[in-house]
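Participant: Got a file for you: final-v9.cif, mmCIF, C-alpha atoms and all ligand atoms.
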data_entry
#
loop_
_atom_site.label_atom_id
_atom_site.label_comp_id
_atom_site.auth_asym_id
_atom_site.auth_seq_id
_atom_site.Cartn_x
_atom_site.Cartn_y
_atom_site.Cartn_z
CA MET A 17 113.23 64.54 89.07
CA LYS A 18 110.46 63.24 91.31
CA LYS A 19 106.91 63.09 89.96
CA THR A 20 105.11 66.44 89.78
CA GLY A 21 101.43 67.09 90.45
CA ILE A 22 99.73 69.97 88.65
CA PHE A 23 96.61 71.42 90.27
CA TYR A 24 94.68 74.00 88.25
CA GLY A 25 91.40 75.91 88.23
CA SER A 26 89.98 77.22 84.99
CA SER A 27 86.65 78.80 84.00
CA ASN A 28 86.95 79.09 80.21
CA GLY A 29 89.73 76.61 79.53
CA ASN A 30 92.80 78.85 79.19
CA THR A 31 94.47 77.72 82.40
CA GLU A 32 93.43 74.17 81.65
CA ASN A 33 95.13 74.25 78.24
CA ILE A 34 98.37 75.52 79.76
CA ALA A 35 98.17 72.95 82.54
CA LYS A 36 97.76 70.18 79.95
CA THR A 37 100.76 71.45 77.99
CA ILE A 38 102.90 71.51 81.13
CA ALA A 39 101.74 68.02 82.10
CA LYS A 40 102.83 66.66 78.72
CA LYS A 41 106.21 68.38 78.83
CA LEU A 42 107.04 67.28 82.38
CA ASN A 43 105.21 63.97 82.29
CA ALA A 44 103.31 65.24 85.33
CA ASP A 45 99.93 64.27 86.79
CA LEU A 46 97.07 66.70 86.27
CA TYR A 47 94.17 67.61 88.57
CA ASP A 48 91.32 70.08 88.10
CA VAL A 49 90.72 71.58 91.55
CA ALA A 50 86.98 71.56 90.78
CA GLY A 51 87.19 67.83 91.61
CA LYS A 52 88.54 68.73 95.10
CA PRO A 53 91.61 66.48 94.75
CA VAL A 54 92.90 67.31 98.23
CA ASN A 55 93.92 63.72 99.03
CA GLU A 56 96.22 63.64 96.00
CA ILE A 57 98.49 66.43 97.24
CA GLN A 58 100.45 64.45 99.78
CA GLN A 59 102.01 62.04 97.26
CA TYR A 60 103.91 64.81 95.42
CA GLN A 61 107.17 66.43 96.43
CA ASN A 62 106.87 68.87 93.51
CA LEU A 63 103.66 70.82 92.90
CA ILE A 64 102.58 73.27 90.21
CA LEU A 65 99.51 75.38 91.03
CA GLY A 66 97.71 77.30 88.27
CA THR A 67 94.82 79.75 88.43
CA SER A 68 93.19 82.45 86.38
CA THR A 69 91.88 85.72 87.85
CA TRP A 70 88.24 86.77 87.71
CA GLY A 71 86.05 89.64 88.91
CA SER A 72 88.40 92.40 89.88
CA GLY A 73 91.41 90.55 91.21
CA ASP A 74 89.52 87.48 92.47
CA LEU A 75 90.68 83.91 92.56
CA GLN A 76 89.13 81.57 89.99
CA ASP A 77 85.89 80.11 91.44
CA ASP A 78 87.01 76.50 91.96
CA TRP A 79 90.19 77.66 93.68
CA ASP A 80 88.05 79.70 96.08
CA SER A 81 86.75 76.53 97.67
CA PHE A 82 89.89 74.45 97.11
CA LEU A 83 92.43 76.84 98.64
CA PRO A 84 91.21 76.31 102.25
CA GLN A 85 91.49 72.55 101.67
CA LEU A 86 94.99 72.89 100.24
CA LEU A 87 95.98 74.84 103.35
CA LYS A 88 94.92 71.95 105.57
CA ALA A 89 97.41 69.69 103.76
CA ASP A 90 100.98 69.49 105.02
CA LEU A 91 103.07 71.46 102.54
CA THR A 92 106.23 71.33 104.65
CA GLY A 93 109.32 70.64 102.55
CA LYS A 94 107.48 70.62 99.24
CA THR A 95 108.72 72.56 96.23
CA ILE A 96 105.96 74.59 94.56
CA ALA A 97 105.77 76.64 91.36
CA LEU A 98 102.85 78.90 90.45
CA PHE A 99 101.42 80.10 87.16
CA GLY A 100 98.57 82.53 86.55
CA LEU A 101 96.41 83.47 83.61
CA GLY A 102 95.22 87.04 83.25
CA ASP A 103 94.40 89.90 80.93
CA SER A 104 96.87 92.76 81.28
CA GLU A 105 95.02 95.10 78.90
CA SER A 106 91.52 94.92 80.35
CA TYR A 107 92.61 94.40 83.96
CA PRO A 108 95.94 96.25 84.33
CA ASP A 109 95.26 97.01 88.02
CA SER A 110 94.66 93.42 89.07
CA PHE A 111 96.81 91.52 86.60
CA VAL A 112 97.09 87.85 87.65
CA ASP A 113 96.08 88.74 91.21
CA GLY A 114 94.82 85.17 91.70
CA MET A 115 98.38 83.88 91.56
CA GLY A 116 99.27 86.39 94.28
CA ILE A 117 96.38 85.20 96.45
CA ILE A 118 97.64 81.61 96.29
CA PHE A 119 101.20 82.77 96.98
CA GLU A 120 100.13 84.75 100.05
CA ALA A 121 98.20 81.77 101.37
CA ILE A 122 101.04 79.23 101.08
CA LYS A 123 104.15 81.31 101.61
CA ASP A 124 104.42 80.59 105.34
CA LYS A 125 103.49 76.91 105.11
CA GLY A 126 107.05 75.61 105.09
CA CYS A 127 107.26 75.00 101.35
CA LYS A 128 109.84 76.35 98.91
CA ILE A 129 108.28 78.49 96.17
CA ILE A 130 110.28 78.58 92.95
CA GLY A 131 109.87 80.07 89.46
CA GLN A 132 109.69 83.81 90.15
CA VAL A 133 109.56 85.90 86.96
CA ASP A 134 110.87 89.34 86.09
CA THR A 135 108.12 91.98 85.65
CA LYS A 136 109.92 93.92 82.94
CA GLU A 137 108.54 91.97 80.00
CA TYR A 138 104.94 92.63 81.03
CA SER A 139 102.85 95.76 80.69
CA PHE A 140 100.50 96.32 83.66
CA ASP A 141 99.89 98.85 86.43
CA SER A 142 99.47 96.78 89.53
CA SER A 143 99.44 93.14 90.59
CA ARG A 144 99.02 91.36 93.89
CA ALA A 145 101.25 88.68 92.39
CA VAL A 146 104.34 90.91 92.58
CA CYS A 147 106.51 90.40 95.64
CA TYR A 148 109.89 92.11 96.11
CA GLY A 149 109.78 93.33 92.50
CA LYS A 150 109.15 89.93 90.89
CA PHE A 151 106.10 87.93 89.92
CA THR A 152 105.63 85.08 92.36
CA GLY A 153 105.25 82.70 89.41
CA LEU A 154 104.68 82.73 85.67
CA PRO A 155 102.02 85.14 84.34
CA LEU A 156 100.48 84.26 80.98
CA ASP A 157 98.12 86.45 78.98
CA GLU A 158 96.24 84.41 76.42
CA ASP A 159 93.89 87.33 75.69
CA ASN A 160 96.55 89.72 74.38
CA GLU A 161 99.94 88.03 74.23
CA ASN A 162 99.35 84.41 73.30
CA ASN A 163 102.16 84.75 70.76
CA LEU A 164 104.54 84.98 73.75
CA THR A 165 103.14 82.04 75.69
CA ALA A 166 105.28 79.30 74.14
CA ILE A 167 108.59 81.03 74.80
CA ARG A 168 107.58 82.25 78.27
CA LEU A 169 106.48 78.77 79.19
CA SER A 170 109.53 77.04 77.81
CA ASN A 171 111.97 79.39 79.61
CA TRP A 172 110.07 78.99 82.86
CA LEU A 173 109.86 75.21 82.62
CA LYS A 174 113.60 74.98 82.05
CA GLU A 175 114.17 76.96 85.22
CA ILE A 176 111.71 75.12 87.45
CA GLU A 177 112.85 71.70 86.24
CA GLN A 178 116.33 72.55 87.53
CA ASN A 179 114.94 73.53 90.89
CA PHE A 180 112.45 70.75 91.43
CA ASP A 181 113.62 67.86 93.58
C1 LIG B 201 84.71 89.16 83.86
C2 LIG B 201 86.19 88.93 83.80
C3 LIG B 201 87.00 89.39 84.82
C4 LIG B 201 88.40 89.23 84.76
N1 LIG B 201 89.20 89.76 85.74
C5 LIG B 201 90.55 89.70 85.61
C6 LIG B 201 91.40 90.34 86.56
O1 LIG B 201 90.97 90.97 87.54
N2 LIG B 201 92.76 90.25 86.36
C7 LIG B 201 93.29 89.58 85.31
O2 LIG B 201 94.51 89.54 85.17
N3 LIG B 201 92.49 88.95 84.39
C8 LIG B 201 91.15 89.00 84.52
N4 LIG B 201 90.34 88.38 83.60
C9 LIG B 201 90.96 87.62 82.48
C10 LIG B 201 91.02 86.10 82.71
O3 LIG B 201 91.76 85.78 83.84
C11 LIG B 201 91.67 85.48 81.48
O4 LIG B 201 90.81 85.60 80.38
C12 LIG B 201 92.09 84.03 81.66
O5 LIG B 201 92.81 83.61 80.53
C13 LIG B 201 90.90 83.09 81.87
O6 LIG B 201 91.40 81.82 82.14
P1 LIG B 201 90.47 80.55 82.39
O7 LIG B 201 89.72 80.30 81.11
O8 LIG B 201 91.40 79.46 82.71
O9 LIG B 201 89.56 80.86 83.54
C14 LIG B 201 88.97 88.54 83.65
C15 LIG B 201 88.14 88.07 82.62
C16 LIG B 201 86.77 88.28 82.68
C17 LIG B 201 85.92 87.80 81.53
#
Could you show the structure in this file as structure tokens?

Facilitator:
Amino acid sequence: MKKTGIFYGSSNGNTENIAKTIAKKLNADLYDVAGKPVNEIQQYQNLILGTSTWGSGDLQDDWDSFLPQLLKADLTGKTIALFGLGDSESYPDSFVDGMGIIFEAIKDKGCKIIGQVDTKEYSFDSSRAVCYGKFTGLPLDEDNENNLTAIRLSNWLKEIEQNFD
């Protein structure tokens, strides 16, 4: 598998912790988007993008300014997996919307987006991150379901590793 770059935005450290865990497991490089690492994108064939959701369905703050920069990069032919942190109990109407915002922004940029996840194991009312009945990436809920994070993550990583170049 070619080297993977993980780009994450995190306000209170939850997304950062997950990103660090993934980096260890995949031996991947890790970038906090707060550092505007736009020049690093091009060197990776495989990308993992992680965000939390804030406000009412808003992208994490650092992603807000980084997403337009990411969109200026050439994503053609890249393989991309998304993960999103959210709180399905307090925000059931905008659960992991941030992941959906990133998906919508990159979906027509010529990249292949992998790692879609079944919605049936999650309890929520509405999410911008659901497309054709599936989550566009891996949702994780450290606020209410952190007991499920390890197994969700390990299943997802197995799948994306098979589909990364
Ligand atoms: C003020 C506030 C607003 C939030 N809004 C949402 C939301 O709309 N949807 C959601 O799924 N989670 C929401 N969350 C939950 C966070 O996304 C969640 O706690 C996440 O783990 C934070 O990750 P981070 O520390 O990496 O930023 C919100 C949390 C707070 C405190």

Participant: Neighbours of segment 164-181 of chain A within 7 Å (all atoms listed in the file; same-chain residues fewer than 4 positions away dropped), as a list in words?

Facilitator: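 Returned residues: Met17, Lys18, Asn62, Thr95, Ile130, Gly131 and Leu156 of chain A.
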
Participant: Can you work out which residues are within 7 Å of ligand LIG 201 (chain B), considering all atoms listed in the file, and then hand them over as a count of residues only?

Facilitator: 30

Participant: Can you find the residues with an atom no farther than 12 Å from (96.3, 74.6, 102.6), counting only C-alpha atoms, and report them as a ChimeraX atom specification?

Facilitator: /A:54-55,57-58,79-92,118-127

Participant: Taking all atoms listed in the file into account, name the residue in A:Glu105, A:Ile64, A:Gly114, A:Asp78 that is nearest to Lys128 of chain A.

Facilitator: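 The shortest atom-to-atom distance to Lys128 of chain A comes from A:Ile64.
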
Participant: To one decimal place in Å, what is the distance between atom CA of Gly51 of chain A and atom CA of Ala35 of chain A?

Facilitator: 15.1 Å

Participant: Quick one: everything within 6 Å of segment 36-50 of chain A, counting only C-alpha atoms, minus sequence neighbours fewer than 4 positions away in the same chain. Send it as an mmCIF file with C-alpha atoms, in the frame of the given file.

Facilitator:
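result_12.cif was written with the following content:
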data_model
loop_
_atom_site.group_PDB
_atom_site.id
_atom_site.type_symbol
_atom_site.label_atom_id
_atom_site.label_comp_id
_atom_site.auth_asym_id
_atom_site.auth_seq_id
_atom_site.Cartn_x
_atom_site.Cartn_y
_atom_site.Cartn_z
ATOM 1 C CA THR A 20 105.110 66.440 89.780
ATOM 2 C CA GLY A 21 101.430 67.090 90.450
ATOM 3 C CA ILE A 22 99.730 69.970 88.650
ATOM 4 C CA PHE A 23 96.610 71.420 90.270
ATOM 5 C CA TYR A 24 94.680 74.000 88.250
ATOM 6 C CA GLY A 25 91.400 75.910 88.230
ATOM 7 C CA ASP A 78 87.010 76.500 91.960
#

Participant: Pick out the closest residue to Gly100 of chain A from this set: A:Gly66, A:Gly116, A:Pro53, A:Gly149. Count all atoms listed in the file.

Facilitator: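 With all atoms listed in the file as the atom set, the closest residue is A:Gly66.
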
Participant: At what distance in Å, to one decimal, does atom CA of Met115 of chain A lie from atom CA of Glu137 of chain A?

Facilitator: 17.4 Å

Participant: Between A:Leu98, A:Gln132, A:Glu161, A:Ser139, single out the one closest to Ile117 of chain A, counting only C-alpha atoms.

Facilitator: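 Using only C-alpha atoms, the shortest distance to Ile117 of chain A belongs to A:Leu98.
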
Participant: Rounded to one decimal, what separation in Å do you get between atom CA of Ile129 of chain A and atom CA of Asp77 of chain A?

Facilitator: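 Atom-to-atom, atom CA of Ile129 of chain A to atom CA of Asp77 of chain A, that is 22.9 Å.
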
Participant: Pick from A:Leu75, A:Tyr138, A:Lys94, A:Asn33: nearest to Lys19 of chain A, with only C-alpha atoms counted?

Facilitator: A:Lys94

Participant: Let me make sure I understand: among A:Val146, A:Ile34, A:Ile96, A:Leu154, which one has the smallest atom-to-atom distance to Tyr60 of chain A if we use only C-alpha atoms?

Facilitator: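 Checking each of A:Val146, A:Ile34, A:Ile96, A:Leu154 against Tyr60 of chain A, counting only C-alpha atoms, the winner is A:Ile96.
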
Participant: Save segment 41-78 of chain A of the structure in the block above to a file, with N, CA and C atoms included, as a tab-separated table (two decimals), in the first residue's frame.

Facilitator:
chain	number	residue	atom	x	y	z
A	41	LYS	N	-1.74	2.87	13.30
A	41	LYS	CA	-2.13	1.58	12.73
A	41	LYS	C	-1.72	1.44	11.27
A	42	LEU	N	-1.79	2.54	10.52
A	42	LEU	CA	-1.49	2.46	9.08
A	42	LEU	C	-0.08	2.94	8.75
A	43	ASN	N	0.65	3.34	9.79
A	43	ASN	CA	1.96	3.95	9.55
A	43	ASN	C	1.84	5.12	8.56
A	44	ALA	N	0.85	5.96	8.82
A	44	ALA	CA	0.53	7.07	7.92
A	44	ALA	C	1.09	8.39	8.47
A	45	ASP	N	1.20	9.39	7.61
A	45	ASP	CA	1.63	10.72	8.04
A	45	ASP	C	0.41	11.53	8.49
A	46	LEU	N	0.64	12.41	9.46
A	46	LEU	CA	-0.48	13.08	10.12
A	46	LEU	C	-0.34	14.59	10.02
A	47	TYR	N	-1.42	15.27	9.65
A	47	TYR	CA	-1.39	16.73	9.54
A	47	TYR	C	-2.64	17.34	10.17
A	48	ASP	N	-2.43	18.32	11.05
A	48	ASP	CA	-3.54	19.11	11.58
A	48	ASP	C	-3.83	20.21	10.57
A	49	VAL	N	-5.05	20.30	10.08
A	49	VAL	CA	-5.34	21.28	9.02
A	49	VAL	C	-5.22	22.72	9.53
A	50	ALA	N	-5.15	22.90	10.85
A	50	ALA	CA	-4.93	24.24	11.40
A	50	ALA	C	-3.59	24.80	10.90
A	51	GLY	N	-2.64	23.91	10.59
A	51	GLY	CA	-1.33	24.33	10.08
A	51	GLY	C	-1.33	24.59	8.58
A	52	LYS	N	-2.52	24.54	7.96
A	52	LYS	CA	-2.70	24.77	6.52
A	52	LYS	C	-1.69	23.98	5.66
A	53	PRO	N	-1.70	22.66	5.80
A	53	PRO	CA	-0.70	21.83	5.12
A	53	PRO	C	-1.05	21.53	3.66
A	54	VAL	N	-1.47	22.56	2.92
A	54	VAL	CA	-1.99	22.33	1.58
A	54	VAL	C	-0.92	21.77	0.64
A	55	ASN	N	0.33	22.17	0.83
A	55	ASN	CA	1.40	21.70	-0.06
A	55	ASN	C	1.75	20.23	0.16
A	56	GLU	N	1.28	19.67	1.24
A	56	GLU	CA	1.59	18.26	1.55
A	56	GLU	C	0.67	17.29	0.80
A	57	ILE	N	-0.46	17.80	0.34
A	57	ILE	CA	-1.49	16.90	-0.21
A	57	ILE	C	-0.99	16.12	-1.43
A	58	GLN	N	-0.29	16.84	-2.30
A	58	GLN	CA	0.04	16.28	-3.60
A	58	GLN	C	0.86	14.99	-3.53
A	59	GLN	N	1.66	14.84	-2.49
A	59	GLN	CA	2.56	13.67	-2.42
A	59	GLN	C	1.84	12.35	-2.10
A	60	TYR	N	0.56	12.43	-1.70
A	60	TYR	CA	-0.15	11.20	-1.30
A	60	TYR	C	-1.15	10.74	-2.34
A	61	GLN	N	-1.11	9.45	-2.61
A	61	GLN	CA	-2.14	8.84	-3.46
A	61	GLN	C	-3.38	8.52	-2.62
A	62	ASN	N	-3.12	8.15	-1.34
A	62	ASN	CA	-4.22	7.81	-0.42
A	62	ASN	C	-4.35	8.90	0.64
A	63	LEU	N	-5.59	9.38	0.82
A	63	LEU	CA	-5.82	10.42	1.83
A	63	LEU	C	-6.93	9.98	2.77
A	64	ILE	N	-6.78	10.35	4.06
A	64	ILE	CA	-7.87	10.20	5.01
A	64	ILE	C	-8.14	11.59	5.57
A	65	LEU	N	-9.41	12.01	5.50
A	65	LEU	CA	-9.79	13.35	5.97
A	65	LEU	C	-10.74	13.20	7.15
A	66	GLY	N	-10.41	13.85	8.28
A	66	GLY	CA	-11.25	13.71	9.48
A	66	GLY	C	-11.67	15.06	10.02
A	67	THR	N	-12.94	15.16	10.38
A	67	THR	CA	-13.46	16.41	10.97
A	67	THR	C	-14.48	16.11	12.05
A	68	SER	N	-14.63	17.03	12.98
A	68	SER	CA	-15.78	16.97	13.88
A	68	SER	C	-16.82	17.95	13.35
A	69	THR	N	-17.98	17.98	14.01
A	69	THR	CA	-19.06	18.90	13.62
A	69	THR	C	-19.35	19.82	14.79
A	70	TRP	N	-19.50	21.11	14.49
A	70	TRP	CA	-19.78	22.09	15.54
A	70	TRP	C	-20.98	22.94	15.16
A	71	GLY	N	-21.37	23.84	16.09
A	71	GLY	CA	-22.56	24.66	15.87
A	71	GLY	C	-23.74	23.74	15.67
A	72	SER	N	-24.52	24.01	14.65
A	72	SER	CA	-25.60	23.10	14.31
A	72	SER	C	-25.33	22.58	12.90
A	73	GLY	N	-24.48	21.56	12.82
A	73	GLY	CA	-24.15	21.00	11.51
A	73	GLY	C	-23.05	21.74	10.78
A	74	ASP	N	-22.17	22.45	11.52
A	74	ASP	CA	-21.09	23.18	10.87
A	74	ASP	C	-19.79	22.37	10.87
A	75	LEU	N	-18.99	22.69	9.88
A	75	LEU	CA	-17.66	22.10	9.79
A	75	LEU	C	-16.81	22.61	10.95
A	76	GLN	N	-15.89	21.78	11.41
A	76	GLN	CA	-14.94	22.22	12.44
A	76	GLN	C	-14.19	23.47	11.91
A	77	ASP	N	-13.92	24.41	12.81
A	77	ASP	CA	-13.37	25.73	12.45
A	77	ASP	C	-12.15	25.71	11.51
A	78	ASP	N	-11.17	24.87	11.82
A	78	ASP	CA	-9.95	24.88	11.01
A	78	ASP	C	-10.21	24.35	9.60
